[in-house]
file query05.txt (compact mmCIF, N, CA and C atoms)
# COMPACT_ATOMS: atom_id res chain seq x y z
N MET A 1 -156.96 -1.77 148.21
CA MET A 1 -156.89 -3.20 148.45
C MET A 1 -155.46 -3.71 148.22
N LYS A 2 -154.83 -3.23 147.17
CA LYS A 2 -153.47 -3.64 146.87
C LYS A 2 -152.53 -3.19 147.99
N LEU A 3 -152.72 -1.99 148.52
CA LEU A 3 -151.90 -1.46 149.60
C LEU A 3 -152.03 -2.32 150.86
N THR A 4 -153.23 -2.81 151.13
CA THR A 4 -153.47 -3.65 152.30
C THR A 4 -152.71 -4.97 152.17
N LYS A 5 -152.73 -5.56 151.00
CA LYS A 5 -152.00 -6.82 150.78
C LYS A 5 -150.50 -6.60 150.93
N ILE A 6 -150.00 -5.52 150.37
CA ILE A 6 -148.57 -5.23 150.46
C ILE A 6 -148.16 -5.03 151.92
N MET A 7 -148.96 -4.28 152.66
CA MET A 7 -148.65 -4.05 154.08
C MET A 7 -148.73 -5.35 154.87
N THR A 8 -149.71 -6.19 154.58
CA THR A 8 -149.85 -7.46 155.29
C THR A 8 -148.64 -8.36 155.03
N VAL A 9 -148.24 -8.47 153.77
CA VAL A 9 -147.09 -9.30 153.41
C VAL A 9 -145.83 -8.74 154.05
N THR A 10 -145.68 -7.43 154.03
CA THR A 10 -144.51 -6.78 154.64
C THR A 10 -144.46 -7.06 156.13
N LEU A 11 -145.58 -6.92 156.80
CA LEU A 11 -145.61 -7.19 158.25
C LEU A 11 -145.31 -8.66 158.55
N LEU A 12 -145.84 -9.56 157.75
CA LEU A 12 -145.57 -10.98 157.95
C LEU A 12 -144.08 -11.28 157.77
N LEU A 13 -143.48 -10.71 156.73
CA LEU A 13 -142.05 -10.91 156.50
C LEU A 13 -141.23 -10.33 157.65
N LEU A 14 -141.60 -9.13 158.08
CA LEU A 14 -140.89 -8.50 159.19
C LEU A 14 -140.99 -9.35 160.45
N PHE A 15 -142.18 -9.84 160.75
CA PHE A 15 -142.39 -10.70 161.91
C PHE A 15 -141.54 -11.96 161.80
N SER A 16 -141.49 -12.57 160.61
CA SER A 16 -140.71 -13.79 160.41
C SER A 16 -139.23 -13.54 160.62
N VAL A 17 -138.72 -12.43 160.10
CA VAL A 17 -137.30 -12.12 160.25
C VAL A 17 -136.96 -11.86 161.72
N VAL A 18 -137.80 -11.09 162.40
CA VAL A 18 -137.56 -10.80 163.82
C VAL A 18 -137.61 -12.08 164.62
N ARG A 19 -138.58 -12.93 164.40
CA ARG A 19 -138.70 -14.19 165.13
C ARG A 19 -137.51 -15.09 164.86
N ALA A 20 -137.10 -15.22 163.61
CA ALA A 20 -135.94 -16.06 163.27
C ALA A 20 -134.68 -15.53 163.94
N GLY A 21 -134.51 -14.23 163.94
CA GLY A 21 -133.34 -13.63 164.59
C GLY A 21 -133.35 -13.85 166.08
N TRP A 22 -134.52 -13.72 166.71
CA TRP A 22 -134.63 -13.90 168.15
C TRP A 22 -134.36 -15.35 168.54
N CYS A 23 -134.95 -16.28 167.81
CA CYS A 23 -134.73 -17.70 168.12
C CYS A 23 -133.29 -18.09 167.86
N GLY A 24 -132.73 -17.59 166.76
CA GLY A 24 -131.35 -17.91 166.43
C GLY A 24 -130.39 -17.41 167.50
N GLY A 25 -130.66 -16.25 168.07
CA GLY A 25 -129.80 -15.70 169.11
C GLY A 25 -129.78 -16.57 170.34
N GLU A 26 -130.92 -17.08 170.74
CA GLU A 26 -130.99 -17.94 171.91
C GLU A 26 -130.30 -19.28 171.62
N GLU A 27 -130.49 -19.78 170.42
CA GLU A 27 -129.84 -21.04 170.06
C GLU A 27 -128.32 -20.86 170.04
N GLU A 28 -127.87 -19.74 169.51
CA GLU A 28 -126.43 -19.44 169.49
C GLU A 28 -125.88 -19.32 170.91
N ALA A 29 -126.61 -18.64 171.79
CA ALA A 29 -126.19 -18.51 173.18
C ALA A 29 -126.13 -19.88 173.85
N SER A 30 -127.09 -20.73 173.55
CA SER A 30 -127.13 -22.07 174.12
C SER A 30 -125.90 -22.88 173.70
N VAL A 31 -125.53 -22.78 172.43
CA VAL A 31 -124.34 -23.48 171.94
C VAL A 31 -123.09 -22.93 172.62
N THR A 32 -123.02 -21.60 172.76
CA THR A 32 -121.88 -20.96 173.41
C THR A 32 -121.75 -21.42 174.86
N ILE A 33 -122.87 -21.42 175.57
CA ILE A 33 -122.83 -21.81 176.99
C ILE A 33 -122.48 -23.28 177.13
N ALA A 34 -123.00 -24.13 176.26
CA ALA A 34 -122.65 -25.56 176.31
C ALA A 34 -121.14 -25.74 176.09
N ALA A 35 -120.57 -24.99 175.16
CA ALA A 35 -119.13 -25.07 174.90
C ALA A 35 -118.34 -24.57 176.10
N LEU A 36 -118.79 -23.47 176.71
CA LEU A 36 -118.12 -22.95 177.90
C LEU A 36 -118.21 -23.94 179.06
N GLN A 37 -119.37 -24.55 179.23
CA GLN A 37 -119.56 -25.54 180.28
C GLN A 37 -118.56 -26.68 180.09
N GLN A 38 -118.40 -27.13 178.85
CA GLN A 38 -117.46 -28.22 178.56
C GLN A 38 -116.02 -27.78 178.81
N THR A 39 -115.70 -26.55 178.43
CA THR A 39 -114.34 -26.03 178.66
C THR A 39 -114.04 -25.97 180.15
N TYR A 40 -115.02 -25.48 180.93
CA TYR A 40 -114.85 -25.42 182.38
C TYR A 40 -114.68 -26.82 182.96
N PHE A 41 -115.55 -27.75 182.52
CA PHE A 41 -115.46 -29.13 182.99
C PHE A 41 -114.08 -29.72 182.68
N ASN A 42 -113.62 -29.52 181.44
CA ASN A 42 -112.31 -30.05 181.04
C ASN A 42 -111.19 -29.45 181.89
N ALA A 43 -111.29 -28.17 182.19
CA ALA A 43 -110.27 -27.51 183.01
C ALA A 43 -110.22 -28.12 184.41
N VAL A 44 -111.36 -28.29 185.03
CA VAL A 44 -111.40 -28.86 186.38
C VAL A 44 -110.96 -30.32 186.35
N GLN A 45 -111.42 -31.05 185.35
CA GLN A 45 -111.04 -32.47 185.23
C GLN A 45 -109.53 -32.64 185.11
N SER A 46 -108.89 -31.75 184.34
CA SER A 46 -107.44 -31.84 184.15
C SER A 46 -106.66 -31.04 185.20
N LYS A 47 -107.41 -30.52 186.18
CA LYS A 47 -106.83 -29.75 187.28
C LYS A 47 -106.12 -28.48 186.80
N ASP A 48 -106.66 -27.89 185.73
CA ASP A 48 -106.17 -26.63 185.19
C ASP A 48 -106.99 -25.51 185.82
N PHE A 49 -106.70 -25.22 187.08
CA PHE A 49 -107.50 -24.27 187.83
C PHE A 49 -107.24 -22.82 187.42
N ALA A 50 -106.16 -22.57 186.71
CA ALA A 50 -105.91 -21.23 186.17
C ALA A 50 -106.97 -20.89 185.11
N THR A 51 -107.26 -21.85 184.24
CA THR A 51 -108.31 -21.65 183.23
C THR A 51 -109.66 -21.52 183.91
N ALA A 52 -109.92 -22.37 184.89
CA ALA A 52 -111.20 -22.32 185.61
C ALA A 52 -111.38 -20.95 186.27
N TYR A 53 -110.33 -20.43 186.87
CA TYR A 53 -110.39 -19.12 187.54
C TYR A 53 -110.83 -18.03 186.56
N ASP A 54 -110.30 -18.06 185.37
CA ASP A 54 -110.63 -17.04 184.37
C ASP A 54 -112.08 -17.15 183.88
N MET A 55 -112.74 -18.28 184.14
CA MET A 55 -114.09 -18.50 183.65
C MET A 55 -115.17 -18.21 184.69
N VAL A 56 -114.77 -17.85 185.90
CA VAL A 56 -115.75 -17.65 186.97
C VAL A 56 -115.83 -16.18 187.38
N THR A 57 -116.96 -15.83 188.02
CA THR A 57 -117.18 -14.46 188.49
C THR A 57 -116.43 -14.22 189.80
N GLU A 58 -116.42 -12.96 190.20
CA GLU A 58 -115.85 -12.61 191.51
C GLU A 58 -116.55 -13.37 192.62
N ASN A 59 -117.84 -13.62 192.46
CA ASN A 59 -118.61 -14.38 193.43
C ASN A 59 -117.98 -15.75 193.67
N MET A 60 -117.61 -16.44 192.58
CA MET A 60 -117.00 -17.77 192.70
C MET A 60 -115.55 -17.69 193.20
N ARG A 61 -114.90 -16.58 192.91
CA ARG A 61 -113.51 -16.42 193.35
C ARG A 61 -113.44 -16.15 194.85
N ASP A 62 -114.52 -15.60 195.40
CA ASP A 62 -114.65 -15.35 196.83
C ASP A 62 -113.47 -14.54 197.39
N GLY A 63 -113.05 -13.54 196.62
CA GLY A 63 -111.98 -12.66 197.08
C GLY A 63 -110.58 -13.23 196.95
N ARG A 64 -110.45 -14.44 196.44
CA ARG A 64 -109.13 -15.06 196.32
C ARG A 64 -108.40 -14.58 195.07
N THR A 65 -107.10 -14.44 195.21
CA THR A 65 -106.27 -14.17 194.04
C THR A 65 -106.23 -15.44 193.20
N LYS A 66 -105.76 -15.30 191.99
CA LYS A 66 -105.65 -16.46 191.11
C LYS A 66 -104.75 -17.53 191.74
N GLU A 67 -103.65 -17.11 192.33
CA GLU A 67 -102.71 -18.04 192.94
C GLU A 67 -103.35 -18.79 194.12
N LYS A 68 -104.08 -18.04 194.95
CA LYS A 68 -104.74 -18.65 196.12
C LYS A 68 -105.85 -19.61 195.68
N TYR A 69 -106.61 -19.20 194.67
CA TYR A 69 -107.69 -20.04 194.12
C TYR A 69 -107.11 -21.37 193.63
N ILE A 70 -106.03 -21.29 192.85
CA ILE A 70 -105.40 -22.49 192.31
C ILE A 70 -104.87 -23.37 193.45
N GLU A 71 -104.20 -22.76 194.39
CA GLU A 71 -103.63 -23.50 195.53
C GLU A 71 -104.72 -24.23 196.31
N GLU A 72 -105.81 -23.53 196.60
CA GLU A 72 -106.87 -24.15 197.39
C GLU A 72 -107.56 -25.29 196.64
N TRP A 73 -107.84 -25.08 195.35
CA TRP A 73 -108.48 -26.14 194.57
C TRP A 73 -107.57 -27.35 194.41
N GLU A 74 -106.28 -27.11 194.19
CA GLU A 74 -105.34 -28.23 194.10
C GLU A 74 -105.32 -29.00 195.42
N GLY A 75 -105.34 -28.28 196.53
CA GLY A 75 -105.35 -28.93 197.85
C GLY A 75 -106.60 -29.75 198.08
N VAL A 76 -107.75 -29.20 197.73
CA VAL A 76 -109.02 -29.93 197.91
C VAL A 76 -109.03 -31.19 197.06
N MET A 77 -108.64 -31.07 195.80
CA MET A 77 -108.68 -32.22 194.90
C MET A 77 -107.71 -33.31 195.36
N LYS A 78 -106.54 -32.91 195.86
CA LYS A 78 -105.55 -33.88 196.31
C LYS A 78 -105.99 -34.55 197.61
N SER A 79 -106.41 -33.75 198.58
CA SER A 79 -106.77 -34.33 199.88
C SER A 79 -108.03 -35.19 199.80
N ALA A 80 -108.96 -34.83 198.92
CA ALA A 80 -110.19 -35.61 198.77
C ALA A 80 -110.03 -36.74 197.75
N GLN A 81 -108.86 -36.81 197.11
CA GLN A 81 -108.57 -37.83 196.10
C GLN A 81 -109.64 -37.87 195.02
N VAL A 82 -109.99 -36.69 194.51
CA VAL A 82 -111.04 -36.58 193.51
C VAL A 82 -110.52 -37.01 192.14
N ASP A 83 -111.28 -37.87 191.49
CA ASP A 83 -110.99 -38.29 190.12
C ASP A 83 -112.27 -38.09 189.31
N ILE A 84 -112.28 -37.04 188.49
CA ILE A 84 -113.45 -36.74 187.66
C ILE A 84 -113.34 -37.57 186.39
N ILE A 85 -114.35 -38.39 186.16
CA ILE A 85 -114.33 -39.35 185.06
C ILE A 85 -115.05 -38.84 183.82
N ASP A 86 -116.22 -38.27 184.03
CA ASP A 86 -117.05 -37.85 182.90
C ASP A 86 -118.01 -36.77 183.36
N GLY A 87 -118.63 -36.12 182.41
CA GLY A 87 -119.62 -35.11 182.74
C GLY A 87 -120.34 -34.67 181.49
N GLY A 88 -121.44 -33.97 181.70
CA GLY A 88 -122.20 -33.51 180.55
C GLY A 88 -123.29 -32.55 180.94
N VAL A 89 -124.02 -32.11 179.93
CA VAL A 89 -125.11 -31.16 180.09
C VAL A 89 -126.43 -31.85 179.78
N SER A 90 -127.41 -31.71 180.67
CA SER A 90 -128.74 -32.26 180.45
C SER A 90 -129.64 -31.26 179.74
N SER A 91 -129.56 -29.99 180.17
CA SER A 91 -130.37 -28.96 179.53
C SER A 91 -129.83 -27.58 179.88
N ILE A 92 -130.23 -26.61 179.07
CA ILE A 92 -129.82 -25.22 179.28
C ILE A 92 -131.05 -24.33 179.17
N GLU A 93 -131.21 -23.45 180.16
CA GLU A 93 -132.30 -22.47 180.14
C GLU A 93 -131.67 -21.08 180.11
N ILE A 94 -132.06 -20.27 179.12
CA ILE A 94 -131.49 -18.94 179.00
C ILE A 94 -132.59 -17.91 179.22
N ASN A 95 -132.25 -16.90 180.03
CA ASN A 95 -133.17 -15.79 180.28
C ASN A 95 -132.35 -14.50 180.21
N GLY A 96 -132.26 -13.95 179.00
CA GLY A 96 -131.49 -12.72 178.81
C GLY A 96 -130.01 -12.95 179.03
N GLU A 97 -129.47 -12.31 180.05
CA GLU A 97 -128.03 -12.42 180.35
C GLU A 97 -127.75 -13.38 181.50
N LYS A 98 -128.68 -14.30 181.72
CA LYS A 98 -128.51 -15.34 182.74
C LYS A 98 -128.86 -16.68 182.11
N ALA A 99 -128.17 -17.71 182.56
CA ALA A 99 -128.45 -19.05 182.05
C ALA A 99 -128.29 -20.06 183.18
N LYS A 100 -129.12 -21.10 183.13
CA LYS A 100 -129.02 -22.22 184.06
C LYS A 100 -128.65 -23.45 183.24
N VAL A 101 -127.58 -24.09 183.66
CA VAL A 101 -127.14 -25.31 182.99
C VAL A 101 -127.37 -26.47 183.95
N HIS A 102 -128.22 -27.39 183.55
CA HIS A 102 -128.43 -28.61 184.32
C HIS A 102 -127.37 -29.59 183.83
N ALA A 103 -126.44 -29.93 184.72
CA ALA A 103 -125.29 -30.73 184.34
C ALA A 103 -125.11 -31.91 185.29
N TRP A 104 -124.24 -32.81 184.91
CA TRP A 104 -123.91 -33.95 185.75
C TRP A 104 -122.42 -34.23 185.66
N THR A 105 -121.91 -34.83 186.72
CA THR A 105 -120.50 -35.20 186.78
C THR A 105 -120.39 -36.58 187.40
N LYS A 106 -119.59 -37.42 186.79
CA LYS A 106 -119.31 -38.74 187.34
C LYS A 106 -117.89 -38.70 187.89
N ALA A 107 -117.77 -38.97 189.19
CA ALA A 107 -116.46 -38.88 189.83
C ALA A 107 -116.36 -39.82 191.03
N SER A 108 -115.11 -40.09 191.40
CA SER A 108 -114.87 -40.83 192.64
C SER A 108 -114.05 -39.92 193.55
N ASP A 109 -114.06 -40.25 194.83
CA ASP A 109 -113.27 -39.49 195.80
C ASP A 109 -112.97 -40.37 196.99
N ILE A 110 -112.42 -39.80 198.01
CA ILE A 110 -112.01 -40.56 199.19
C ILE A 110 -113.19 -41.30 199.84
N PHE A 111 -114.39 -40.76 199.73
CA PHE A 111 -115.58 -41.36 200.33
C PHE A 111 -116.33 -42.27 199.37
N ASN A 112 -116.08 -42.14 198.08
CA ASN A 112 -116.80 -42.90 197.06
C ASN A 112 -115.79 -43.52 196.10
N ALA A 113 -115.27 -44.71 196.50
CA ALA A 113 -114.29 -45.38 195.65
C ALA A 113 -114.92 -45.78 194.32
N VAL A 114 -116.17 -46.17 194.36
CA VAL A 114 -116.93 -46.45 193.14
C VAL A 114 -117.52 -45.12 192.68
N PRO A 115 -117.24 -44.71 191.47
CA PRO A 115 -117.72 -43.40 190.99
C PRO A 115 -119.23 -43.24 191.11
N ILE A 116 -119.64 -42.03 191.47
CA ILE A 116 -121.06 -41.70 191.55
C ILE A 116 -121.34 -40.56 190.57
N VAL A 117 -122.61 -40.40 190.24
CA VAL A 117 -123.03 -39.31 189.38
C VAL A 117 -123.70 -38.26 190.24
N GLU A 118 -123.18 -37.04 190.19
CA GLU A 118 -123.79 -35.92 190.89
C GLU A 118 -124.42 -35.00 189.87
N LYS A 119 -125.62 -34.54 190.19
CA LYS A 119 -126.29 -33.59 189.31
C LYS A 119 -126.18 -32.21 189.94
N GLU A 120 -126.12 -31.20 189.08
CA GLU A 120 -125.96 -29.84 189.58
C GLU A 120 -126.63 -28.86 188.63
N ILE A 121 -126.82 -27.66 189.14
CA ILE A 121 -127.28 -26.55 188.31
C ILE A 121 -126.19 -25.49 188.38
N ASP A 122 -125.64 -25.18 187.22
CA ASP A 122 -124.63 -24.13 187.13
C ASP A 122 -125.28 -22.87 186.59
N HIS A 123 -125.08 -21.77 187.29
CA HIS A 123 -125.66 -20.48 186.91
C HIS A 123 -124.59 -19.65 186.22
N TRP A 124 -124.82 -19.31 184.97
CA TRP A 124 -123.91 -18.48 184.18
C TRP A 124 -124.52 -17.11 184.02
N VAL A 125 -123.70 -16.08 184.04
CA VAL A 125 -124.16 -14.70 183.85
C VAL A 125 -123.26 -14.01 182.83
N MET A 126 -123.85 -13.06 182.12
CA MET A 126 -123.10 -12.27 181.15
C MET A 126 -122.52 -11.06 181.86
N ILE A 127 -121.21 -10.91 181.81
CA ILE A 127 -120.53 -9.77 182.41
C ILE A 127 -119.65 -9.13 181.33
N ASP A 128 -119.95 -7.89 181.03
CA ASP A 128 -119.20 -7.16 179.99
C ASP A 128 -119.09 -7.97 178.70
N GLY A 129 -120.20 -8.61 178.32
CA GLY A 129 -120.24 -9.34 177.05
C GLY A 129 -119.64 -10.73 177.08
N VAL A 130 -119.24 -11.20 178.28
CA VAL A 130 -118.62 -12.52 178.41
C VAL A 130 -119.41 -13.35 179.41
N TRP A 131 -119.73 -14.60 179.05
CA TRP A 131 -120.41 -15.51 179.97
C TRP A 131 -119.42 -15.99 181.01
N LYS A 132 -119.83 -15.92 182.30
CA LYS A 132 -119.00 -16.39 183.42
C LYS A 132 -119.85 -17.27 184.33
N LEU A 133 -119.23 -18.28 184.91
CA LEU A 133 -119.89 -19.14 185.88
C LEU A 133 -119.99 -18.38 187.20
N ASP A 134 -121.20 -18.30 187.75
CA ASP A 134 -121.43 -17.49 188.95
C ASP A 134 -121.75 -18.33 190.19
N VAL A 135 -122.50 -19.40 190.03
CA VAL A 135 -122.90 -20.24 191.17
C VAL A 135 -123.07 -21.67 190.68
N THR A 136 -122.66 -22.62 191.51
CA THR A 136 -122.92 -24.04 191.25
C THR A 136 -123.72 -24.60 192.41
N GLU A 137 -124.86 -25.20 192.09
CA GLU A 137 -125.70 -25.85 193.09
C GLU A 137 -125.62 -27.36 192.89
N VAL A 138 -125.09 -28.09 193.86
CA VAL A 138 -125.07 -29.55 193.77
C VAL A 138 -126.42 -30.04 194.30
N LEU A 139 -127.08 -30.87 193.51
CA LEU A 139 -128.41 -31.37 193.87
C LEU A 139 -128.24 -32.71 194.61
N MET A 140 -128.00 -32.62 195.88
CA MET A 140 -127.69 -33.82 196.69
C MET A 140 -128.81 -34.85 196.65
N GLU A 141 -130.05 -34.41 196.54
CA GLU A 141 -131.15 -35.36 196.53
C GLU A 141 -131.16 -36.19 195.25
N ASP A 142 -130.45 -35.74 194.21
CA ASP A 142 -130.44 -36.46 192.94
C ASP A 142 -129.18 -37.30 192.74
N VAL A 143 -128.31 -37.37 193.74
CA VAL A 143 -127.08 -38.14 193.59
C VAL A 143 -127.43 -39.61 193.39
N GLU A 144 -126.81 -40.20 192.37
CA GLU A 144 -127.07 -41.63 192.08
C GLU A 144 -125.98 -42.50 192.65

call {"tool": "encode", "arguments": {"input": "query05.txt", "output": "structure tokens"}}
result
Amino acid sequence: MKLTKIMTVTLLLLFSVVRAGWCGGEEEASVTIAALQQTYFNAVQSKDFATAYDMVTENMRDGRTKEKYIEEWEGVMKSAQVDIIDGGVSSIEINGEKAKVHAWTKASDIFNAVPIVEKEIDHWVMIDGVWKLDVTEVLMEDVE
């Protein structure tokens, strides 16, 4: 009887430690991704496309060198007269080495003199132990 109680308590403690570790890992990843999302947002807002380039996957680079990526983004932002005012994260969903960030950006451009809020889903993936932005989906139906 004593052995059964000891084993039960041991299993409960083991389960608690494993669960706490698992939940803590996801929470830590969520904080990391939120910080990365903010860093990426700040880079684009300040037109620091060199930093943005380092934060994205080959998929987002689309075969462009760092210099070409920077040149093209600078050209787009200038010709469209983009002014990014604010942005944030609504929620983060993590599934192993993939994450979806539901985010929003408030900006004006050549077509929208009055700033609008665009919602998007940013897909982050873990590559060699580093989170990288892989795809951005702008949710046009949710534009305010």

call {"tool": "atom_distance", "arguments": {"input": "query05.txt", "atom1": "CA of Asp134 in chain A", "atom2": "atom N of Asp83 in chain A"}}
result
22.9 Å

call {"tool": "atom_distance", "arguments": {"input": "query05.txt", "atom1": "atom N of Val89 in chain A", "atom2": "atom C of Thr51 in chain A"}}
result
18.3 Å

call {"tool": "residues_around", "arguments": {"input": "query05.txt", "residues": "range 108-119 of chain A", "least_positions_apart": "2", "cutoff": "8 Å", "atoms": "all atoms listed in the file", "output": "VMD selection string"}}
result
chain A and resid 79 to 86 102 to 106 121 to 122 137 to 144

call {"tool": "atom_distance", "arguments": {"input": "query05.txt", "atom1": "atom N of Glu72 in chain A", "atom2": "atom C of Asp128 in chain A"}}
result
27.2 Å

call {"tool": "residues_around", "arguments": {"input": "query05.txt", "residues": "Ala35 in chain A", "least_positions_apart": "5", "cutoff": "12 Å", "atoms": "only C-alpha atoms", "output": "list in words"}}
result
Glu28, Ala29, Ser30, Tyr40, Phe41, Asn42, Gly88, Val89, Ile92, Val101 and Trp131 of chain A

call {"tool": "decode", "arguments": {"input": "query05.txt", "residues": "range 38-57 of chain A", "atoms": "N, CA and C atoms", "output": "PDB file, in the first residue's frame"}}
result
ATOM      1  N   GLN A  38       7.578  42.491 -33.397  1.00  0.00           N
ATOM      2  CA  GLN A  38       7.755  43.920 -33.129  1.00  0.00           C
ATOM      3  C   GLN A  38       9.045  44.438 -33.754  1.00  0.00           C
ATOM      4  N   THR A  39      10.110  43.645 -33.666  1.00  0.00           N
ATOM      5  CA  THR A  39      11.387  44.040 -34.269  1.00  0.00           C
ATOM      6  C   THR A  39      11.246  44.184 -35.783  1.00  0.00           C
ATOM      7  N   TYR A  40      10.558  43.217 -36.399  1.00  0.00           N
ATOM      8  CA  TYR A  40      10.332  43.281 -37.848  1.00  0.00           C
ATOM      9  C   TYR A  40       9.491  44.511 -38.198  1.00  0.00           C
ATOM     10  N   PHE A  41       8.415  44.727 -37.433  1.00  0.00           N
ATOM     11  CA  PHE A  41       7.554  45.891 -37.661  1.00  0.00           C
ATOM     12  C   PHE A  41       8.368  47.186 -37.561  1.00  0.00           C
ATOM     13  N   ASN A  42       9.174  47.296 -36.496  1.00  0.00           N
ATOM     14  CA  ASN A  42       9.991  48.501 -36.305  1.00  0.00           C
ATOM     15  C   ASN A  42      10.965  48.702 -37.462  1.00  0.00           C
ATOM     16  N   ALA A  43      11.547  47.616 -37.955  1.00  0.00           N
ATOM     17  CA  ALA A  43      12.487  47.706 -39.076  1.00  0.00           C
ATOM     18  C   ALA A  43      11.792  48.236 -40.330  1.00  0.00           C
ATOM     19  N   VAL A  44      10.639  47.695 -40.650  1.00  0.00           N
ATOM     20  CA  VAL A  44       9.908  48.136 -41.843  1.00  0.00           C
ATOM     21  C   VAL A  44       9.419  49.571 -41.658  1.00  0.00           C
ATOM     22  N   GLN A  45       8.919  49.874 -40.466  1.00  0.00           N
ATOM     23  CA  GLN A  45       8.427  51.231 -40.195  1.00  0.00           C
ATOM     24  C   GLN A  45       9.533  52.273 -40.372  1.00  0.00           C
ATOM     25  N   SER A  46      10.742  51.935 -39.923  1.00  0.00           N
ATOM     26  CA  SER A  46      11.862  52.876 -40.035  1.00  0.00           C
ATOM     27  C   SER A  46      12.638  52.715 -41.349  1.00  0.00           C
ATOM     28  N   LYS A  47      12.087  51.864 -42.223  1.00  0.00           N
ATOM     29  CA  LYS A  47      12.681  51.598 -43.537  1.00  0.00           C
ATOM     30  C   LYS A  47      14.083  51.003 -43.437  1.00  0.00           C
ATOM     31  N   ASP A  48      14.296  50.202 -42.398  1.00  0.00           N
ATOM     32  CA  ASP A  48      15.553  49.479 -42.196  1.00  0.00           C
ATOM     33  C   ASP A  48      15.396  48.097 -42.823  1.00  0.00           C
ATOM     34  N   PHE A  49      15.434  48.055 -44.141  1.00  0.00           N
ATOM     35  CA  PHE A  49      15.162  46.813 -44.854  1.00  0.00           C
ATOM     36  C   PHE A  49      16.310  45.810 -44.767  1.00  0.00           C
ATOM     37  N   ALA A  50      17.479  46.252 -44.354  1.00  0.00           N
ATOM     38  CA  ALA A  50      18.593  45.325 -44.125  1.00  0.00           C
ATOM     39  C   ALA A  50      18.257  44.414 -42.937  1.00  0.00           C
ATOM     40  N   THR A  51      17.723  44.996 -41.868  1.00  0.00           N
ATOM     41  CA  THR A  51      17.308  44.197 -40.711  1.00  0.00           C
ATOM     42  C   THR A  51      16.151  43.292 -41.097  1.00  0.00           C
ATOM     43  N   ALA A  52      15.189  43.823 -41.836  1.00  0.00           N
ATOM     44  CA  ALA A  52      14.037  43.019 -42.265  1.00  0.00           C
ATOM     45  C   ALA A  52      14.502  41.820 -43.096  1.00  0.00           C
ATOM     46  N   TYR A  53      15.450  42.038 -43.980  1.00  0.00           N
ATOM     47  CA  TYR A  53      15.971  40.964 -44.835  1.00  0.00           C
ATOM     48  C   TYR A  53      16.527  39.814 -43.991  1.00  0.00           C
ATOM     49  N   ASP A  54      17.247  40.149 -42.950  1.00  0.00           N
ATOM     50  CA  ASP A  54      17.848  39.125 -42.092  1.00  0.00           C
ATOM     51  C   ASP A  54      16.807  38.337 -41.297  1.00  0.00           C
ATOM     52  N   MET A  55      15.581  38.852 -41.209  1.00  0.00           N
ATOM     53  CA  MET A  55      14.540  38.213 -40.409  1.00  0.00           C
ATOM     54  C   MET A  55      13.593  37.343 -41.225  1.00  0.00           C
ATOM     55  N   VAL A  56      13.774  37.303 -42.541  1.00  0.00           N
ATOM     56  CA  VAL A  56      12.847  36.564 -43.394  1.00  0.00           C
ATOM     57  C   VAL A  56      13.515  35.345 -44.022  1.00  0.00           C
ATOM     58  N   THR A  57      12.671  34.392 -44.452  1.00  0.00           N
ATOM     59  CA  THR A  57      13.157  33.170 -45.097  1.00  0.00           C
ATOM     60  C   THR A  57      13.514  33.437 -46.555  1.00  0.00           C
TER      61      THR A  57
END
